[in-house]
Amino acid sequence: MKIVMYGSGAAGSVFASYLKNGGADMILIDRYKEHMDKVAKDGMTFTIHLNENGTYRDIVKQLTGWRTYTSAEEAAAKEGKVDIIIFMTKATQLEQALKDAQPVIGPDTVGVTLINGLGNDDNMFKFFPKDHVIVGSGVLGTALKGPGSCVSTPAGGVQMNFGGAVRSEATDKACEALLKYYRDGGCDAYWRKDDVYHYIWVKVCVNATVNTVCAVLRLKIAEVENDPWGQQLFHQVIRETCAVATARGVPGMDAEEFIKGEHHDIVTNIGDYYPSMCQDMLMNRRQTEIDVLNGKIAEYGDELGIPTPTCHILTQVVHAIQDNYDKQYYDKDYVNSK
């Protein structure tokens with residue numbers, strides 16, 4: 001079964017590495033040529049950064065035997081149509097990626113989105129029949145150290161959730177294969193046969209909370225949690241997200257239980273971590289996924305009459321920051337003296 005990871009940055013490389021480690025026949029497509037060339041030549045250095053009761057331990061694997069390409073046209077010339085294609089671009093890039101990926105997509109290809117945020121399924125349905133779409137998300141930190149080297153930082157417990165947008169023979173077959181490869185590869189993955197959208201909203205709540213607040217405050221997760229004002233921001237986003245999800249008919253989204261459960265686990269297990277939006281804003285100065293996280297929560301809240309003031313303000317702040325990266329104050333002499 002040929003599986004393509006379309007978009008092989010930090011998250012795509014980590015998710016693909018778990019599959020490859022589990023025995024999957026993996027193809028990578030990404031415009032980052034230096035990364036693709038390095039993986040094809042030397043393999044992927046895959047590091048799993050484990051937190052064991054507060055002590056970190058690295059498991060490092062060198063995974064070889066990849067086939068890599070910088071475009072779907074290039075891949076199609078050698079691979080033809082593929083069985084499964086997983087999209088791990090930024091959410092804002094998904095619709096264009098779906099257009100660009102068409103050369104490797106056939107009538108039997110199952111499309112998968114494991115991208116953070118809300119609304120990705122609607123984009124998938126524009127290009128795939130609903131009974132050939134799998135949706136899901138990962139619950140783990142990811143980083144790309146450089147060409148050919150990625151790092152997974154598991155948050156403890158479940159690391160991956162996915163399921164068919166609707167149950168069908170095609171999605172069941174693909175989900176069964178993905179489940180085997182992920183688990184054999186060391187990823188604690190779950191096929192959510194009947195309630196995958198609950199788990200998508202859980203991941204959205206995690207990301208809209210820690211990603212956005214940490215990015216705005218320029219702090220790691222535990223540093224925000226340990227500040228009373230920062231903790232209030234975390235809890236306000238959780239309460240707004242759970243209220244919107246519940247109003248949309250998503251079961252099991254109780255804010256106080258979320259704070260005691262999922263949020264506590266994130267703080268405990270990956271507190272010493274800058275989430276992906278922090279990396280986008282602070283390290284790479286690029287556009288973020290704010291519109292499919294807090295922005296989409298605020299949009300849904302407006303439609304449903306659910307107040308979401310914190311998500312509204314955080315969305316505005318992130319947009320203002322990312323629109324003005326080149327104008328922001330940065331005291332290079334002060335930073336270098338520290």
# chains A, B, ... in the order shown; residues from 1 in each chain; ligands from 1
$ select_by_dssp --residues "segment 132-244 of chain A" --states "strand (DSSP E)" --output "list in words"
Val133, Ile134, Val135, Gly136, Ser137, Gly138, Leu140, Gly141, Thr142, Ala143, Leu144, Lys145, Gly146, Ser149, Cys150, Val151, Ser152, Thr153, Pro154, Met160, Asn161, Phe162, Gly163, Gly164, Ala189, Tyr190 and Trp191 of chain A
$ closest_atom_pairs --of "segment 194-276 of chain A" --to "segment 121-129 of chain A" --cutoff "12 Å" --atoms "only C-alpha atoms" --output "tab-separated table"
residue	atom	partner	partner_atom	distance
A:Val196	CA	A:Asp121	CA	11.9
A:Tyr197	CA	A:Asp121	CA	10.4
A:Ile200	CA	A:Asp121	CA	10.7
$ write_last_selection --atoms "N, CA, C and O atoms" --output "compact mmCIF listing (two decimals), in the first residue's frame"
# COMPACT_ATOMS: atom_id res chain seq x y z
N VAL A 196 -14.98 10.43 15.87
CA VAL A 196 -13.71 11.09 15.60
C VAL A 196 -13.81 12.61 15.79
O VAL A 196 -12.83 13.25 16.20
N TYR A 197 -14.97 13.21 15.55
CA TYR A 197 -15.06 14.67 15.65
C TYR A 197 -14.92 15.15 17.09
O TYR A 197 -14.45 16.27 17.33
N ILE A 200 -11.21 15.53 17.38
CA ILE A 200 -10.73 16.69 16.64
C ILE A 200 -10.92 17.96 17.46
O ILE A 200 -10.04 18.80 17.56
$ residues_around --residues "Asn324 of chain A" --least-positions-apart "5" --cutoff "12 Å" --atoms "only C-alpha atoms" --output "JSON, numbers by chain"
{"A": [281, 285, 286, 287, 317, 318, 319, 329]}
$ atom_distance --atom1 "atom CA of Cys242 of chain A" --atom2 "atom CA of Ala255 of chain A"
5.6 Å
$ closest_residue --among "A:Asp195, A:Asp280, A:Glu257, A:Glu169" --to "Arg218 of chain A" --atoms "only C-alpha atoms"
A:Asp280
$ atom_distance --atom1 "atom CA of Asp30 of chain A" --atom2 "atom CA of Gly7 of chain A"
5.1 Å
$ atom_distance --atom1 "atom CA of Leu98 of chain A" --atom2 "atom CA of Ser71 of chain A"
12.0 Å
$ closest_residue --among "A:Cys278, A:Cys311, A:Leu304, A:Cys175" --to "Ala208 of chain A" --atoms "only C-alpha atoms"
A:Cys311
